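Asker: The following block contains the structure, expressed as structure tokens.
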Amino acid sequence: MKTVWIVGGSTGIGLELAVQLACSGHRVIVSARNTSSLVQLIEQRDTLTDKLTTLQLNATDQSACIKVWQKINRLYGKVDWVFLNAAVYEPAPVIPFDQSKWKNIVHTNIDVVLNPLAAILEHPDFIPKQLFITASLAGYRGLPKSGGYGMSKAALINLAESIRPELAALDCRVRLISPGFVATRITAKNHFRMPALISVEEAAKQIIKKVNANSFEITFPWRFVIWIKILRLLPYRWFFLITKCMVKQ
Ligand SMILES: NC(=O)c1ccc[n+]([C@@H]2O[C@H](COP(=O)([O-])OP(=O)(O)OC[C@H]3O[C@@H](n4cnc5c(N)ncnc54)[C@H](OP(=O)(O)O)[C@@H]3O)[C@@H](O)[C@H]2O)c1
């Protein structure tokens, strides 16, 4: 049995991951700004009562992250796995350019990872065995209409790559989660066709299947990943030919 902290587990992929992990016997602490619907779910399902707990947190608040992390350590001891899964998304075109919207997406999506990370690294004795950072396939390359979101996820991929070797020295394995399209309230905001859209149940299953693997990245679904990986390798000339077509769609 592992002790798990999920930041951003009140809805979507994080919620389903929390439920599946708790159902397989792990102790899961979920943090998000609004945990009321999760509290209701726990009350309705006896199987979750012992295994799933919530600690309300706005992860953009640095001191709140420190307090919650210290509380978790006090109540549950050392945490084995931490999932930094929170994010926000709004469709944000470049024309017309809404700078405050872009800035909010970029700052939030980076803060909700950096703040808990800073809290975790304060005390070496409590650094988890595995640290999962949820980015996105949208962070691989600059895709049209991905607004500040793709930019923020590109930064998180870079962050995970950069800290993995350093944290390995402290016996902490940094992992990257790069999902394709998953049906959540995030994708519900998109008005374009999303190839290979999968359910949250499938997404959580894919994460759990690889949770103990030695690999750096957990990415899914394969039928979409393969195209994005090819797109990542293309020289700019070809890459822009393709993304120009995406703009016209
Ligand atoms: N759905 C997709 O297609 C897709 C694809 C690639 C990557 N992802 C990534 O997967 C992760 C989960 O997304 P999702 O699709 O499941 O969307 P979601 O249902 O909106 O989940 C986002 C979670 O982040 C939490 N959150 C947002 N701001 C927060 C803050 N300031 N402090 C604490 N928690 C905060 C939300 O809870 P509260 O609102 O209650 O705070 C919610 O629990 C995100 O990192 C997203 O970028 C999703």
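Every chain in the structure tokens has a letter given in the order shown (A, B, ...), and although residue numbers restart at 1 in each chain, ligands are simply numbered from 1 in the order shown.
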Using only C-alpha atoms and all ligand atoms, what does the table of chain A residues within 7 Å of ligand 1 look like, with each row giving the shortest atom pair and its distance in Å to one decimal, sorted by chain and ascending number, as a tab-separated table?
Answerer:
```
residue	atom	partner	partner_atom_place_in_ligand_line	distance
A:Val7	CA	ligand 1	34 (N)	5.9
A:Gly8	CA	ligand 1	24 (O)	3.6
A:Gly9	CA	ligand 1	43 (O)	4.1
A:Ser10	CA	ligand 1	43 (O)	3.8
A:Thr11	CA	ligand 1	19 (O)	4.2
A:Gly12	CA	ligand 1	16 (O)	3.4
A:Ile13	CA	ligand 1	16 (O)	3.8
A:Gly14	CA	ligand 1	16 (O)	5.6
A:Leu15	CA	ligand 1	43 (O)	6.8
A:Ser31	CA	ligand 1	33 (C)	6.3
A:Ala32	CA	ligand 1	34 (N)	3.6
A:Arg33	CA	ligand 1	41 (O)	3.5
A:Asn34	CA	ligand 1	40 (O)	3.6
A:Thr35	CA	ligand 1	40 (O)	5.9
A:Leu57	CA	ligand 1	33 (C)	5.5
A:Asn58	CA	ligand 1	32 (N)	3.7
A:Ala59	CA	ligand 1	32 (N)	3.8
A:Thr60	CA	ligand 1	31 (N)	5.0
A:Asn85	CA	ligand 1	45 (O)	4.4
A:Ala86	CA	ligand 1	24 (O)	3.3
A:Ala87	CA	ligand 1	45 (O)	4.3
A:Val88	CA	ligand 1	27 (C)	5.3
A:Thr108	CA	ligand 1	31 (N)	6.5
A:Val112	CA	ligand 1	31 (N)	5.9
A:Thr134	CA	ligand 1	45 (O)	5.0
A:Ala135	CA	ligand 1	7 (C)	5.6
A:Ser136	CA	ligand 1	6 (C)	4.0
A:Leu137	CA	ligand 1	6 (C)	6.2
A:Ala138	CA	ligand 1	6 (C)	6.9
A:Ser178	CA	ligand 1	7 (C)	6.1
A:Pro179	CA	ligand 1	6 (C)	4.3
A:Gly180	CA	ligand 1	5 (C)	4.9
A:Phe181	CA	ligand 1	3 (O)	3.4
A:Val182	CA	ligand 1	3 (O)	3.6
A:Ala183	CA	ligand 1	1 (N)	5.6
A:Thr184	CA	ligand 1	15 (O)	4.8
A:Arg185	CA	ligand 1	19 (O)	5.3
A:Ile186	CA	ligand 1	15 (O)	5.0
A:Thr187	CA	ligand 1	1 (N)	5.4
```
Asker: Compile the contact shell of stretch 140-156 of chain A as a ChimeraX atom specification: residues with an atom at most 10 Å away, counting only C-alpha atoms, same-chain residues fewer than 6 positions apart removed.
Answerer: /A:87-95,97-99,101-110,113-114,133-134,162,176,178,228-229,231-233,239-240,242-247
Asker: Store the residues picked out above, limited to N, CA and C atoms, as a CSV table (one decimal), in the first residue's frame.
Answerer:
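Just written: selection13.csv:
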```csv
chain,number,residue,atom,x,y,z
A,87,ALA,N,-4.3,22.0,-13.2
A,87,ALA,CA,-4.1,23.0,-14.3
A,87,ALA,C,-5.4,23.7,-14.6
A,88,VAL,N,-5.3,24.8,-15.3
A,88,VAL,CA,-6.6,25.4,-15.9
A,88,VAL,C,-6.4,25.5,-17.4
A,89,TYR,N,-7.5,25.7,-18.1
A,89,TYR,CA,-7.5,25.8,-19.5
A,89,TYR,C,-8.6,26.7,-20.0
A,90,GLU,N,-8.4,27.6,-20.9
A,90,GLU,CA,-9.4,28.3,-21.7
A,90,GLU,C,-8.9,28.4,-23.1
A,91,PRO,N,-9.8,28.3,-24.1
A,91,PRO,CA,-9.4,28.5,-25.4
A,91,PRO,C,-8.9,30.0,-25.5
A,92,ALA,N,-7.7,30.2,-26.0
A,92,ALA,CA,-7.1,31.6,-26.0
A,92,ALA,C,-6.5,31.8,-27.4
A,93,PRO,N,-7.2,32.3,-28.4
A,93,PRO,CA,-6.7,32.6,-29.7
A,93,PRO,C,-5.6,33.7,-29.6
A,94,VAL,N,-4.8,33.8,-30.6
A,94,VAL,CA,-3.8,34.9,-30.6
A,94,VAL,C,-4.5,36.2,-31.3
A,95,ILE,N,-5.5,36.0,-32.1
A,95,ILE,CA,-6.3,37.1,-32.6
A,95,ILE,C,-7.7,36.9,-32.3
A,97,PHE,N,-6.0,39.1,-29.2
A,97,PHE,CA,-5.1,38.6,-28.2
A,97,PHE,C,-5.5,39.2,-26.8
A,98,ASP,N,-5.9,38.2,-25.9
A,98,ASP,CA,-6.3,38.6,-24.6
A,98,ASP,C,-5.1,38.3,-23.6
A,99,GLN,N,-4.3,39.3,-23.4
A,99,GLN,CA,-3.1,39.1,-22.7
A,99,GLN,C,-3.3,38.5,-21.2
A,101,LYS,N,-5.7,36.8,-20.1
A,101,LYS,CA,-6.1,35.3,-20.2
A,101,LYS,C,-4.9,34.4,-20.3
A,102,TRP,N,-4.0,34.8,-21.3
A,102,TRP,CA,-2.8,34.0,-21.5
A,102,TRP,C,-2.0,34.0,-20.3
A,103,LYS,N,-1.8,35.2,-19.6
A,103,LYS,CA,-0.9,35.2,-18.5
A,103,LYS,C,-1.5,34.4,-17.3
A,104,ASN,N,-2.8,34.4,-17.2
A,104,ASN,CA,-3.5,33.7,-16.1
A,104,ASN,C,-3.2,32.2,-16.3
A,105,ILE,N,-3.4,31.7,-17.5
A,105,ILE,CA,-3.2,30.3,-17.8
A,105,ILE,C,-1.7,29.9,-17.5
A,106,VAL,N,-0.8,30.7,-18.1
A,106,VAL,CA,0.6,30.3,-17.9
A,106,VAL,C,1.1,30.4,-16.5
A,107,HIS,N,0.7,31.5,-15.8
A,107,HIS,CA,1.2,31.6,-14.4
A,107,HIS,C,0.5,30.5,-13.5
A,108,THR,N,-0.8,30.3,-13.7
A,108,THR,CA,-1.5,29.3,-12.8
A,108,THR,C,-0.8,27.9,-13.1
A,109,ASN,N,-0.7,27.5,-14.3
A,109,ASN,CA,-0.3,26.2,-14.6
A,109,ASN,C,1.2,25.9,-14.1
A,110,ILE,N,2.0,27.0,-14.0
A,110,ILE,CA,3.3,26.8,-13.5
A,110,ILE,C,3.3,26.9,-12.0
A,113,VAL,N,2.4,23.8,-9.9
A,113,VAL,CA,3.4,22.8,-9.9
A,113,VAL,C,4.6,23.2,-9.0
A,114,LEU,N,5.0,24.4,-9.3
A,114,LEU,CA,6.2,24.9,-8.5
A,114,LEU,C,6.0,25.1,-7.0
A,133,ILE,N,4.6,14.7,-12.7
A,133,ILE,CA,4.1,16.0,-13.2
A,133,ILE,C,3.3,15.8,-14.5
A,134,THR,N,2.0,16.3,-14.4
A,134,THR,CA,1.2,16.2,-15.6
A,134,THR,C,1.4,17.4,-16.5
A,162,SER,N,14.5,18.6,-16.5
A,162,SER,CA,15.7,19.2,-15.9
A,162,SER,C,15.9,18.7,-14.5
A,176,LEU,N,7.0,12.0,-15.9
A,176,LEU,CA,6.2,13.0,-16.7
A,176,LEU,C,4.9,12.3,-17.2
A,178,SER,N,2.0,12.7,-20.0
A,178,SER,CA,1.7,13.5,-21.2
A,178,SER,C,0.4,12.9,-21.8
A,228,ILE,N,1.8,12.5,-32.8
A,228,ILE,CA,2.4,13.7,-32.2
A,228,ILE,C,3.9,13.5,-32.1
A,229,LYS,N,4.4,12.3,-31.8
A,229,LYS,CA,5.8,12.0,-31.7
A,229,LYS,C,6.5,12.3,-33.1
A,231,LEU,N,5.3,14.3,-35.4
A,231,LEU,CA,5.2,15.8,-35.6
A,231,LEU,C,6.4,16.5,-34.9
A,232,ARG,N,6.7,15.9,-33.7
A,232,ARG,CA,7.8,16.5,-33.0
A,232,ARG,C,9.2,16.4,-33.7
A,233,LEU,N,9.3,15.3,-34.5
A,233,LEU,CA,10.6,15.1,-35.2
A,233,LEU,C,10.7,15.9,-36.5
A,239,PHE,N,6.8,20.9,-40.6
A,239,PHE,CA,5.9,21.1,-39.4
A,239,PHE,C,5.0,22.3,-39.7
A,240,PHE,N,5.5,23.4,-40.2
A,240,PHE,CA,4.6,24.6,-40.4
A,240,PHE,C,3.6,24.3,-41.6
A,242,ILE,N,2.0,21.6,-42.0
A,242,ILE,CA,0.9,20.9,-41.3
A,242,ILE,C,0.1,21.8,-40.4
A,243,THR,N,0.8,22.6,-39.6
A,243,THR,CA,0.1,23.5,-38.7
A,243,THR,C,-0.7,24.6,-39.4
A,244,LYS,N,-0.2,25.0,-40.6
A,244,LYS,CA,-0.9,26.0,-41.4
A,244,LYS,C,-2.3,25.4,-41.7
A,245,CYS,N,-2.3,24.2,-42.1
A,245,CYS,CA,-3.6,23.5,-42.4
A,245,CYS,C,-4.5,23.5,-41.2
A,246,MET,N,-3.9,23.3,-40.0
A,246,MET,CA,-4.7,23.2,-38.8
A,246,MET,C,-5.4,24.5,-38.5
A,247,VAL,N,-4.8,25.6,-38.9
A,247,VAL,CA,-5.4,27.0,-38.7
A,247,VAL,C,-6.6,27.1,-39.5
```
Asker: Could you please write out, as a ChimeraX atom specification, every residue of stretch 48-146 of chain A that DSSP assigns to strand (DSSP E)?
Answerer: /A:52-54,81-84,130-134
Asker: Keeping only C-alpha atoms, write those residues as a PDB file, in the first residue's frame.
Answerer:
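Ended up saving to selection.pdb:
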```pdb
ATOM      1  CA  LEU A  52      -9.585   8.676   0.408  1.00  0.00           C
ATOM      2  CA  THR A  53      -9.246  12.014   2.210  1.00  0.00           C
ATOM      3  CA  THR A  54      -9.429  15.596   1.017  1.00  0.00           C
ATOM      4  CA  TRP A  81       3.918   9.207  -4.626  1.00  0.00           C
ATOM      5  CA  VAL A  82       2.951  12.806  -5.406  1.00  0.00           C
ATOM      6  CA  PHE A  83       0.932  13.712  -8.499  1.00  0.00           C
ATOM      7  CA  LEU A  84       1.144  17.388  -9.499  1.00  0.00           C
ATOM      8  CA  GLN A 130       8.036   9.278  -7.069  1.00  0.00           C
ATOM      9  CA  LEU A 131       6.962  12.714  -8.271  1.00  0.00           C
ATOM     10  CA  PHE A 132       4.571  12.795 -11.247  1.00  0.00           C
ATOM     11  CA  ILE A 133       4.148  16.020 -13.206  1.00  0.00           C
ATOM     12  CA  THR A 134       1.177  16.174 -15.568  1.00  0.00           C
TER      13      THR A 134
END
```
Asker: Which parts of stretch 136-240 of chain A does DSSP call helix (DSSP H, G or I) when run on the backbone here, written out as a PyMOL selection string?
Answerer: chain A and resi 137-139+147-168+187-189+200-209+222-233+236-240
Asker: Excluding A:Ser63 and residues on its chain fewer than 3 positions from it, collect all residues at most 9 Å away from it, counting only C-alpha atoms, and give them as a list in words.
Answerer: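 Residues near the query, excluding close chain neighbours: Ile66, Lys67, Val68, Asn115 and Ala119 of chain A.
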Asker: Restricting it to C-alpha atoms, dump the selection as an mmCIF file, in the first residue's frame.
Answerer:
```
data_model
loop_
_atom_site.group_PDB
_atom_site.id
_atom_site.type_symbol
_atom_site.label_atom_id
_atom_site.label_comp_id
_atom_site.auth_asym_id
_atom_site.auth_seq_id
_atom_site.Cartn_x
_atom_site.Cartn_y
_atom_site.Cartn_z
ATOM 1 C CA ILE A 66 3.608 24.402 2.777
ATOM 2 C CA LYS A 67 0.878 24.131 5.430
ATOM 3 C CA VAL A 68 -0.961 21.323 3.612
ATOM 4 C CA ASN A 115 4.514 25.792 -5.211
ATOM 5 C CA ALA A 119 6.973 22.682 -0.203
#
```
